[in-house]
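This is protein.pdb (PDB, C-alpha atoms, pLDDT in the B column).
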MODEL        1
ATOM      1  CA  LYS Q   1      13.985 -25.119  32.659  1.00 63.00           C
ATOM      2  CA  PHE Q   2      13.423 -28.180  34.721  1.00 70.00           C
ATOM      3  CA  TRP Q   3      15.558 -30.983  36.118  1.00 74.00           C
ATOM      4  CA  CYS Q   4      15.362 -34.686  35.629  1.00 78.00           C
ATOM      5  CA  PRO Q   5      15.256 -36.996  38.699  1.00 81.00           C
ATOM      6  CA  ASN Q   6      19.034 -37.353  38.445  1.00 81.00           C
ATOM      7  CA  GLY Q   7      19.477 -33.549  38.692  1.00 77.00           C
ATOM      8  CA  HIS Q   8      20.362 -32.857  35.087  1.00 79.00           C
ATOM      9  CA  PRO Q   9      19.005 -29.577  33.726  1.00 79.00           C
ATOM     10  CA  GLN Q  10      16.416 -30.074  31.012  1.00 75.00           C
ATOM     11  CA  SER Q  11      14.486 -27.700  28.787  1.00 69.00           C
ATOM     12  CA  TYR Q  12      12.065 -27.850  25.948  1.00 70.00           C
ATOM     13  CA  THR Q  13      13.599 -26.779  22.683  1.00 71.00           C
ATOM     14  CA  VAL Q  14      11.818 -25.842  19.548  1.00 72.00           C
ATOM     15  CA  SER Q  15      12.622 -28.288  16.802  1.00 77.00           C
ATOM     16  CA  THR Q  16      14.279 -27.119  13.625  1.00 83.00           C
ATOM     17  CA  LEU Q  17      11.162 -28.079  11.687  1.00 83.00           C
ATOM     18  CA  THR Q  18       8.986 -25.877  13.899  1.00 84.00           C
ATOM     19  CA  LYS Q  19      11.408 -22.966  13.499  1.00 87.00           C
ATOM     20  CA  VAL Q  20      11.362 -23.327   9.720  1.00 91.00           C
ATOM     21  CA  GLU Q  21       7.560 -23.555   9.684  1.00 92.00           C
ATOM     22  CA  ARG Q  22       7.255 -20.379  11.782  1.00 93.00           C
ATOM     23  CA  GLU Q  23       9.692 -18.554   9.535  1.00 95.00           C
ATOM     24  CA  ARG Q  24       7.783 -19.762   6.464  1.00 96.00           C
ATOM     25  CA  ASP Q  25       4.487 -18.535   7.902  1.00 97.00           C
ATOM     26  CA  LEU Q  26       6.010 -15.170   8.769  1.00 97.00           C
ATOM     27  CA  LEU Q  27       7.369 -14.795   5.232  1.00 98.00           C
ATOM     28  CA  ARG Q  28       3.972 -15.696   3.767  1.00 98.00           C
ATOM     29  CA  GLN Q  29       2.333 -13.006   5.893  1.00 98.00           C
ATOM     30  CA  GLN Q  30       4.914 -10.447   4.802  1.00 98.00           C
ATOM     31  CA  MET Q  31       4.416 -11.388   1.147  1.00 98.00           C
ATOM     32  CA  ALA Q  32       0.642 -11.060   1.485  1.00 98.00           C
ATOM     33  CA  GLN Q  33       1.070  -7.642   3.098  1.00 98.00           C
ATOM     34  CA  LYS Q  34       3.379  -6.496   0.268  1.00 98.00           C
ATOM     35  CA  ASP Q  35       0.901  -7.822  -2.320  1.00 97.00           C
ATOM     36  CA  ASP Q  36      -1.849  -5.769  -0.668  1.00 97.00           C
ATOM     37  CA  GLU Q  37       0.350  -2.664  -0.695  1.00 97.00           C
ATOM     38  CA  ILE Q  38       1.171  -3.179  -4.385  1.00 98.00           C
ATOM     39  CA  ALA Q  39      -2.512  -3.619  -5.239  1.00 97.00           C
ATOM     40  CA  GLU Q  40      -3.353  -0.412  -3.369  1.00 97.00           C
ATOM     41  CA  GLN Q  41      -0.619   1.501  -5.232  1.00 97.00           C
ATOM     42  CA  LYS Q  42      -1.907   0.163  -8.563  1.00 97.00           C
ATOM     43  CA  LYS Q  43      -5.418   1.392  -7.705  1.00 97.00           C
ATOM     44  CA  LEU Q  44      -4.074   4.831  -6.831  1.00 97.00           C
ATOM     45  CA  ILE Q  45      -2.026   5.058 -10.040  1.00 96.00           C
ATOM     46  CA  LEU Q  46      -5.003   3.936 -12.125  1.00 96.00           C
ATOM     47  CA  LYS Q  47      -7.237   6.518 -10.444  1.00 96.00           C
ATOM     48  CA  ASN Q  48      -4.694   9.272 -11.189  1.00 95.00           C
ATOM     49  CA  TYR Q  49      -4.385   8.177 -14.831  1.00 94.00           C
ATOM     50  CA  ARG Q  50      -8.157   8.155 -15.259  1.00 95.00           C
ATOM     51  CA  ALA Q  51      -8.413  11.672 -13.824  1.00 94.00           C
ATOM     52  CA  LYS Q  52      -5.662  12.871 -16.173  1.00 92.00           C
ATOM     53  CA  ILE Q  53      -7.371  11.262 -19.186  1.00 91.00           C
ATOM     54  CA  LEU Q  54     -10.671  12.954 -18.309  1.00 91.00           C
ATOM     55  CA  GLU Q  55      -8.880  16.289 -17.988  1.00 90.00           C
ATOM     56  CA  ILE Q  56      -7.227  15.834 -21.398  1.00 87.00           C
ATOM     57  CA  LYS Q  57     -10.537  14.840 -23.008  1.00 88.00           C
ATOM     58  CA  LYS Q  58     -12.189  17.923 -21.532  1.00 86.00           C
ATOM     59  CA  ASN Q  59      -9.417  20.162 -22.873  1.00 82.00           C
ATOM     60  CA  VAL Q  60      -9.684  18.578 -26.319  1.00 81.00           C
ATOM     61  CA  LYS Q  61     -13.437  19.221 -26.378  1.00 83.00           C
ATOM     62  CA  LEU Q  62     -12.914  22.828 -25.338  1.00 79.00           C
ATOM     63  CA  HIS Q  63     -10.303  23.370 -28.040  1.00 76.00           C
ATOM     64  CA  GLU Q  64     -12.576  21.784 -30.656  1.00 77.00           C
ATOM     65  CA  ARG Q  65     -15.378  24.122 -29.603  1.00 78.00           C
ATOM     66  CA  ALA Q  66     -13.041  27.095 -29.828  1.00 76.00           C
ATOM     67  CA  LYS Q  67     -11.969  26.041 -33.336  1.00 70.00           C
ATOM     68  CA  ALA Q  68     -15.629  25.951 -34.312  1.00 74.00           C
ATOM     69  CA  GLY Q  69     -16.003  29.552 -33.158  1.00 77.00           C
ATOM     70  CA  LEU Q  70     -17.914  28.892 -29.944  1.00 79.00           C
ATOM     71  CA  CYS Q  71     -17.032  31.040 -26.961  1.00 77.00           C
ATOM     72  CA  LEU Q  72     -15.919  28.820 -24.070  1.00 74.00           C
ATOM     73  CA  CYS Q  73     -17.430  31.218 -21.538  1.00 79.00           C
ATOM     74  CA  CYS Q  74     -20.882  32.023 -22.919  1.00 81.00           C
ATOM     75  CA  ASN Q  75     -21.399  29.408 -25.718  1.00 78.00           C
ATOM     76  CA  ARG Q  76     -22.105  32.055 -28.372  1.00 80.00           C
ATOM     77  CA  HIS Q  77     -20.792  31.671 -31.903  1.00 80.00           C
ATOM     78  CA  PHE Q  78     -18.320  34.257 -33.148  1.00 76.00           C
ATOM     79  CA  THR Q  79     -16.624  34.576 -36.490  1.00 76.00           C
ATOM     80  CA  ASN Q  80     -13.597  36.208 -34.981  1.00 78.00           C
ATOM     81  CA  LEU Q  81     -13.314  34.354 -31.685  1.00 73.00           C
ATOM     82  CA  GLU Q  82      -9.806  35.569 -30.934  1.00 69.00           C
ATOM     83  CA  ARG Q  83     -10.907  39.202 -31.011  1.00 73.00           C
ATOM     84  CA  HIS Q  84     -13.945  38.339 -28.862  1.00 75.00           C
ATOM     85  CA  MET Q  85     -11.845  36.530 -26.227  1.00 71.00           C
ATOM     86  CA  GLY Q  86      -9.417  39.457 -26.080  1.00 71.00           C
ATOM     87  CA  SER Q  87     -12.099  42.090 -25.670  1.00 76.00           C
ATOM     88  CA  LYS Q  88     -14.851  40.351 -23.661  1.00 75.00           C
ATOM     89  CA  HIS Q  89     -13.073  37.700 -21.593  1.00 72.00           C
ATOM     90  CA  GLU Q  90      -9.510  38.961 -21.338  1.00 70.00           C
ATOM     91  CA  GLY Q  91      -8.954  37.962 -17.699  1.00 67.00           C
ATOM     92  CA  GLN Q  92     -10.359  34.496 -18.139  1.00 65.00           C
ATOM     93  CA  ALA Q  93      -8.413  33.927 -21.355  1.00 52.00           C
ATOM     94  CA  LYS Q  94      -5.163  34.815 -19.543  1.00 55.00           C
ATOM     95  CA  GLN Q  95      -6.090  32.527 -16.653  1.00 57.00           C
ATOM     96  CA  GLU Q  96      -6.804  29.644 -19.076  1.00 59.00           C
ATOM     97  CA  ALA Q  97      -3.465  30.243 -20.785  1.00 53.00           C
ATOM     98  CA  LEU Q  98      -1.641  29.941 -17.452  1.00 50.00           C
ATOM     99  CA  THR Q  99      -3.239  26.579 -16.564  1.00 53.00           C
TER     100      THR Q  99
ENDMDL
END
Transcribe the structure of this file into structure tokens.
Amino acid sequence: KFWCPNGHPQSYTVSTLTKVERERDLLRQQMAQKDDEIAEQKKLILKNYRAKILEIKKNVKLHERAKAGLCLCCNRHFTNLERHMGSKHEGQAKQEALT
């Protein structure tokens, strides 16, 4: 605050236009920050989906190999794969069934 020569108190006030401009700039910054957060979340979701797709593809390949009679543990061909998995790889077969 300051006083004019006649003793009246004076002060500089921020014009309405300046206030609106500052508020506009603040809102633009907040919007840009939210846009960045959204983009980061999209990247994370996409990364998780890609990992899940790769896991599913791997499981499909393993099941196709098992259908063809190939042991998933030692890559040998067996006519009766179910009997082989039960007798030779019982622990691993149970573990695979749980996951």
Specify the axis-aligned box that encloses all atoms of range 34-50 of chain Q listed in the file after padding of 8 Å on each side, stating its centre and edge lengths in Å to one decimal as JSON.
{"center_x": -2.4, "center_y": 0.7, "center_z": -7.5, "size_x": 27.5, "size_y": 33.1, "size_z": 31.5}
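Distances from Q:Lys57, Q:Thr13, Q:Glu90, Q:Asp36 to Cys73 in chain Q were compared using all atoms listed in the file, and the smallest one belongs to Q:Glu90.
One finds CA of Ala51 in chain Q at 27.4 Å from CA of Gly69 in chain Q.
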Item to check | Neighbour list for Leu81 in chain Q as number ranges by chain, cut-off 12 Å, all atoms listed in the file, skip fewer than 6 positions in-chain | outcome: Q: 63, 65-75, 87-90, 93
Checklist entry - So how many Å separate CA of Trp3 in chain Q and CA of Leu17 in chain Q, to one decimal? => result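 Calculated distance between CA of Trp3 in chain Q and CA of Leu17 in chain Q is 25.0 Å.
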Checklist entry - How many Å separate CA of His84 in chain Q from CA of Ile56 in chain Q? => result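 Pair CA of His84 in chain Q / CA of Ile56 in chain Q returns 24.6 Å.
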